[in-house]
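Colleague: The structure's right below; bear with me while I get my questions together.
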There are 2 protein chains.
Amino acid sequence: MCRSATRRPDTNHVPTTRLEIEYDGGGFRGWAAQPGLRTVQGELESALATVLGEQPSLIVAGRTDAGVHAWGQVASFESEGQPPTSLASSLNGVLPVDVAVTGAAVAPNGFDARRDARSRTYCYRVFARSAPNPFERQRSLWWPRPLDREALGACADLLYGSHDFTAFTPTDTDHVRFEREVMRAEWVAQDDAILCFWIEADAFMHNMVRALVGTMLEVANGRRTPDGFAKLLGGGWREQAGETAPAHGLYLASVRY
Amino acid sequence: MCRSATRRPDTNHVPTTRLEIEYDGGGFRGWAAQPGLRTVQGELESALATVLGEQPSLIVAGRTDAGVHAWGQVASFESEGQPPTSLASSLNGVLPVDVAVTGAAVAPNGFDARRDARSRTYCYRVFARSAPNPFERQRSLWWPRPLDREALGACADLLYGSHDFTAFTPTDTDHVRFEREVMRAEWVAQDDAILCFWIEADAFMHNMVRALVGTMLEVANGRRTPDGFAKLLGGGWREQAGETAPAHGLYLASVRY
């Protein structure tokens, strides 16, 4: 399933390129290429084939699910020839409007966007107002109900450090290790109505941010206590935690190397 | 053409309601109702008919063109009965996702959203970066070329006060008075890439903000001088000014009463 894990250059002479990518996830069935489905990887590999005349395989820092957005996705690929300096604008010339390459640069030999990543940062956006906002549709979770912002902050504080996130990923899983190290977790008010949950960790499990957000919102809604949330961070069953928040509020914000 | 100009309540006993409205203009043929076309006024009047059981005529502060957005549009209407206190949420329950009512309140008798407005504020958003941004498509003008921000600022400074804006509205016009009073005009950097042109005036002519922006961008691009721009503010022909910037960068931001 995970191509990148077995993929290291067998020679130091194959040029590696690093791409920085933004996408509006609404029109994609996620990052990973799947036959017959519109995916970000599929569109990018097809654009690379058009521009380079060869179709390299992309290795990605964060395999986002259907509907999830990215401001700072990173992917790497090896190609026989040296990619042109104008690669980013050439790719943007053929890519559809919902995905853009914001940077393309030669990477150190052997650079692997997935394995070399030291941490990923995600942002989950909540639009908290009684009336919906036409500009925020499919860009944030609309939350017209009361929201206890202090409770959200208390939950975020509990996330710092290493925890067992078993309760925040589907029971039927390919993950073998359930501990993750959280370096940043905070709710930040962007303006009166928009609240952003920022979380940085070494790595994330499937659905982890969305399950954390869904559970924290149940605390903020008075249906759970911060203590109950804290207990889930020592391990637990998926059904003990809360709803999985919808994909369209989630953004892969950046990757640190 | 302008229904509002002849419309004053003939009695002080008809309740008047004031609506605050947001819309993403991309899917509308502008504000004003037109048979067979999807318009903001058409959608709102249809929603009012559903909720109130009668179809009042809306008077609007700023009649936006096709594709133009609004953060703070204001409209008023008279109705026989007192509208329910939950009017905004009832309307949002039946309105399409690209328009929302953010406020509905009883207005002073005889309130007229158009005639009583003391000023309107518009914002034109420019996204200045070599790569496009999937989240800014149809929300701002993508400007991948160099842009002299000092020149933009110099042009904005020239706009304060009263000027003859004949050069900034189509020659074939219904306007009879071409002078407008500008109370605010400035370019503000929202972040590294987004520049917003804010302009407040007593009233605006058709296409006026878009023609001003298109002409200022020609100054910022080195194709005109600020002096040339200044001369146009004393009157002139439409063809002496610059391009009309596209509708999708323009927002009716607020209305002052």
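Quick note on naming: the chains in the structure tokens go A, B, ... in the order shown, residues restart at 1 in each chain, and ligands are numbered from 1 in order of appearance.
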For Ala33 (chain B), work out the shell of residues within 10 Å, counting only C-alpha atoms and skipping chain neighbours fewer than 2 positions away, then give it as a list in words.

Modeller: Arg29, Gly30, Trp31, Pro35, Gly36, Leu37, Arg38, Thr39, Val40, Gln41, Gly42, Glu43, Leu44, Glu45 and Leu58 of chain B

Colleague: Go ahead and write the residues just picked, N, CA and C atoms, as a PDB file, in the first residue's frame.

Modeller:
ATOM      1  N   ARG B  29     -26.453  36.089 -11.953  1.00  0.00           N
ATOM      2  CA  ARG B  29     -26.377  37.111 -12.984  1.00  0.00           C
ATOM      3  C   ARG B  29     -26.602  38.481 -12.364  1.00  0.00           C
ATOM      4  N   GLY B  30     -25.961  38.686 -11.231  1.00  0.00           N
ATOM      5  CA  GLY B  30     -26.058  39.972 -10.551  1.00  0.00           C
ATOM      6  C   GLY B  30     -27.192  40.010  -9.540  1.00  0.00           C
ATOM      7  N   TRP B  31     -27.373  41.204  -8.930  1.00  0.00           N
ATOM      8  CA  TRP B  31     -28.423  41.384  -7.932  1.00  0.00           C
ATOM      9  C   TRP B  31     -29.820  41.399  -8.563  1.00  0.00           C
ATOM     10  N   PRO B  35     -36.146  38.139 -15.653  1.00  0.00           N
ATOM     11  CA  PRO B  35     -36.914  36.927 -15.966  1.00  0.00           C
ATOM     12  C   PRO B  35     -36.017  35.830 -16.543  1.00  0.00           C
ATOM     13  N   GLY B  36     -36.143  34.638 -15.979  1.00  0.00           N
ATOM     14  CA  GLY B  36     -35.415  33.491 -16.520  1.00  0.00           C
ATOM     15  C   GLY B  36     -33.962  33.410 -16.109  1.00  0.00           C
ATOM     16  N   LEU B  37     -33.443  34.401 -15.357  1.00  0.00           N
ATOM     17  CA  LEU B  37     -32.037  34.352 -14.957  1.00  0.00           C
ATOM     18  C   LEU B  37     -31.939  34.183 -13.439  1.00  0.00           C
ATOM     19  N   ARG B  38     -30.880  33.533 -13.013  1.00  0.00           N
ATOM     20  CA  ARG B  38     -30.660  33.332 -11.579  1.00  0.00           C
ATOM     21  C   ARG B  38     -30.002  34.586 -10.996  1.00  0.00           C
ATOM     22  N   THR B  39     -30.720  35.294 -10.133  1.00  0.00           N
ATOM     23  CA  THR B  39     -30.198  36.524  -9.542  1.00  0.00           C
ATOM     24  C   THR B  39     -30.356  36.456  -8.026  1.00  0.00           C
ATOM     25  N   VAL B  40     -29.594  37.297  -7.318  1.00  0.00           N
ATOM     26  CA  VAL B  40     -29.670  37.307  -5.858  1.00  0.00           C
ATOM     27  C   VAL B  40     -31.049  37.791  -5.420  1.00  0.00           C
ATOM     28  N   GLN B  41     -31.513  38.877  -6.036  1.00  0.00           N
ATOM     29  CA  GLN B  41     -32.853  39.384  -5.682  1.00  0.00           C
ATOM     30  C   GLN B  41     -33.919  38.316  -5.928  1.00  0.00           C
ATOM     31  N   GLY B  42     -33.814  37.624  -7.051  1.00  0.00           N
ATOM     32  CA  GLY B  42     -34.785  36.579  -7.371  1.00  0.00           C
ATOM     33  C   GLY B  42     -34.811  35.482  -6.310  1.00  0.00           C
ATOM     34  N   GLU B  43     -33.619  35.028  -5.897  1.00  0.00           N
ATOM     35  CA  GLU B  43     -33.557  33.962  -4.882  1.00  0.00           C
ATOM     36  C   GLU B  43     -34.110  34.445  -3.557  1.00  0.00           C
ATOM     37  N   LEU B  44     -33.762  35.682  -3.176  1.00  0.00           N
ATOM     38  CA  LEU B  44     -34.218  36.196  -1.884  1.00  0.00           C
ATOM     39  C   LEU B  44     -35.729  36.427  -1.879  1.00  0.00           C
ATOM     40  N   GLU B  45     -36.256  36.995  -2.955  1.00  0.00           N
ATOM     41  CA  GLU B  45     -37.697  37.247  -2.978  1.00  0.00           C
ATOM     42  C   GLU B  45     -38.468  35.933  -2.983  1.00  0.00           C
ATOM     43  N   LEU B  58     -37.822  43.808  -2.850  1.00  0.00           N
ATOM     44  CA  LEU B  58     -36.636  44.240  -2.116  1.00  0.00           C
ATOM     45  C   LEU B  58     -36.057  45.509  -2.719  1.00  0.00           C
TER      46      LEU B  58
END

Colleague: Within 12 Å of chain B, which residues of chain A show up when using only C-alpha atoms, listed as a VMD selection string?

Modeller: chain A and resid 20 to 27 69 to 72 86 to 93 95 to 104 129 to 139 142 144 251

Colleague: Name the closest residue to Ala156 (chain B) among the candidates B:Val209, B:Asp116, B:Asn109, B:Pro170; distances are taken between atoms, counting only C-alpha atoms.

Modeller: B:Val209

Colleague: So what do you get for CA of Arg145 (chain A) versus CA of Arg224 (chain A), distance-wise?

Modeller: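 Between CA of Arg145 (chain A) and CA of Arg224 (chain A) the gap is 15.4 Å.
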
Colleague: Using Å and a single decimal, report how far CA of Ser119 (chain B) sits from CA of Glu200 (chain B).

Modeller: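 We find that CA of Glu200 (chain B) and CA of Ser119 (chain B) lie 6.5 Å from each other.
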
Colleague: Tell me which protein, DNA and RNA residues are within 12 Å of Phe77 (chain B), counting only C-alpha atoms, leaving out same-chain ones fewer than 3 positions away, and put them as number ranges by chain.

Modeller: B: 4, 7-9, 14-20, 41, 44-45, 48, 52, 54-61, 74, 80-83, 104-114

Colleague: Among region 28-73 of chain A, which ones does DSSP assign to strand (DSSP E or B) (computed from the backbone)? Answer as a ChimeraX atom specification.

Modeller: /A:59-60,69-73

Colleague: How about saving the chosen residues, N, CA and C atoms kept, as a PDB file, in the first residue's frame?

Modeller:
ATOM      1  N   ILE A  59       6.141  10.596  -4.411  1.00  0.00           N
ATOM      2  CA  ILE A  59       6.121  10.200  -3.005  1.00  0.00           C
ATOM      3  C   ILE A  59       5.632  11.418  -2.237  1.00  0.00           C
ATOM      4  N   VAL A  60       4.652  11.231  -1.363  1.00  0.00           N
ATOM      5  CA  VAL A  60       4.008  12.382  -0.736  1.00  0.00           C
ATOM      6  C   VAL A  60       4.213  12.377   0.776  1.00  0.00           C
ATOM      7  N   HIS A  69      -8.145  19.278   2.183  1.00  0.00           N
ATOM      8  CA  HIS A  69      -7.405  20.279   1.420  1.00  0.00           C
ATOM      9  C   HIS A  69      -5.914  20.285   1.802  1.00  0.00           C
ATOM     10  N   ALA A  70      -5.124  21.028   1.017  1.00  0.00           N
ATOM     11  CA  ALA A  70      -3.715  21.224   1.386  1.00  0.00           C
ATOM     12  C   ALA A  70      -3.258  22.623   1.007  1.00  0.00           C
ATOM     13  N   TRP A  71      -2.568  23.271   1.945  1.00  0.00           N
ATOM     14  CA  TRP A  71      -1.884  24.537   1.679  1.00  0.00           C
ATOM     15  C   TRP A  71      -0.398  24.282   1.438  1.00  0.00           C
ATOM     16  N   GLY A  72       0.124  23.210   2.051  1.00  0.00           N
ATOM     17  CA  GLY A  72       1.574  23.008   1.998  1.00  0.00           C
ATOM     18  C   GLY A  72       1.948  21.546   1.880  1.00  0.00           C
ATOM     19  N   GLN A  73       1.312  20.858   0.952  1.00  0.00           N
ATOM     20  CA  GLN A  73       1.690  19.460   0.700  1.00  0.00           C
ATOM     21  C   GLN A  73       3.075  19.427   0.054  1.00  0.00           C
TER      22      GLN A  73
END

Colleague: Which residues are close to Trp187 (chain A), i.e. within 8 Å by only C-alpha atoms, leaving aside same-chain residues fewer than 5 positions away? Reply as a PyMOL selection string.

Modeller: chain A and resi 152-153+156+195-198

Colleague: From a DSSP calculation on the backbone, collect every residue of region 35-209 of chain A in helix (DSSP H, G or I) and output the set as a ChimeraX atom specification.

Modeller: /A:40-52,87-94,149-159,166-168,208-209

Colleague: What is the distance, in Å and to one decimal place, between CA of Phe229 (chain B) and CA of Trp143 (chain B)?

Modeller: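 These atoms are spaced 20.2 Å apart.
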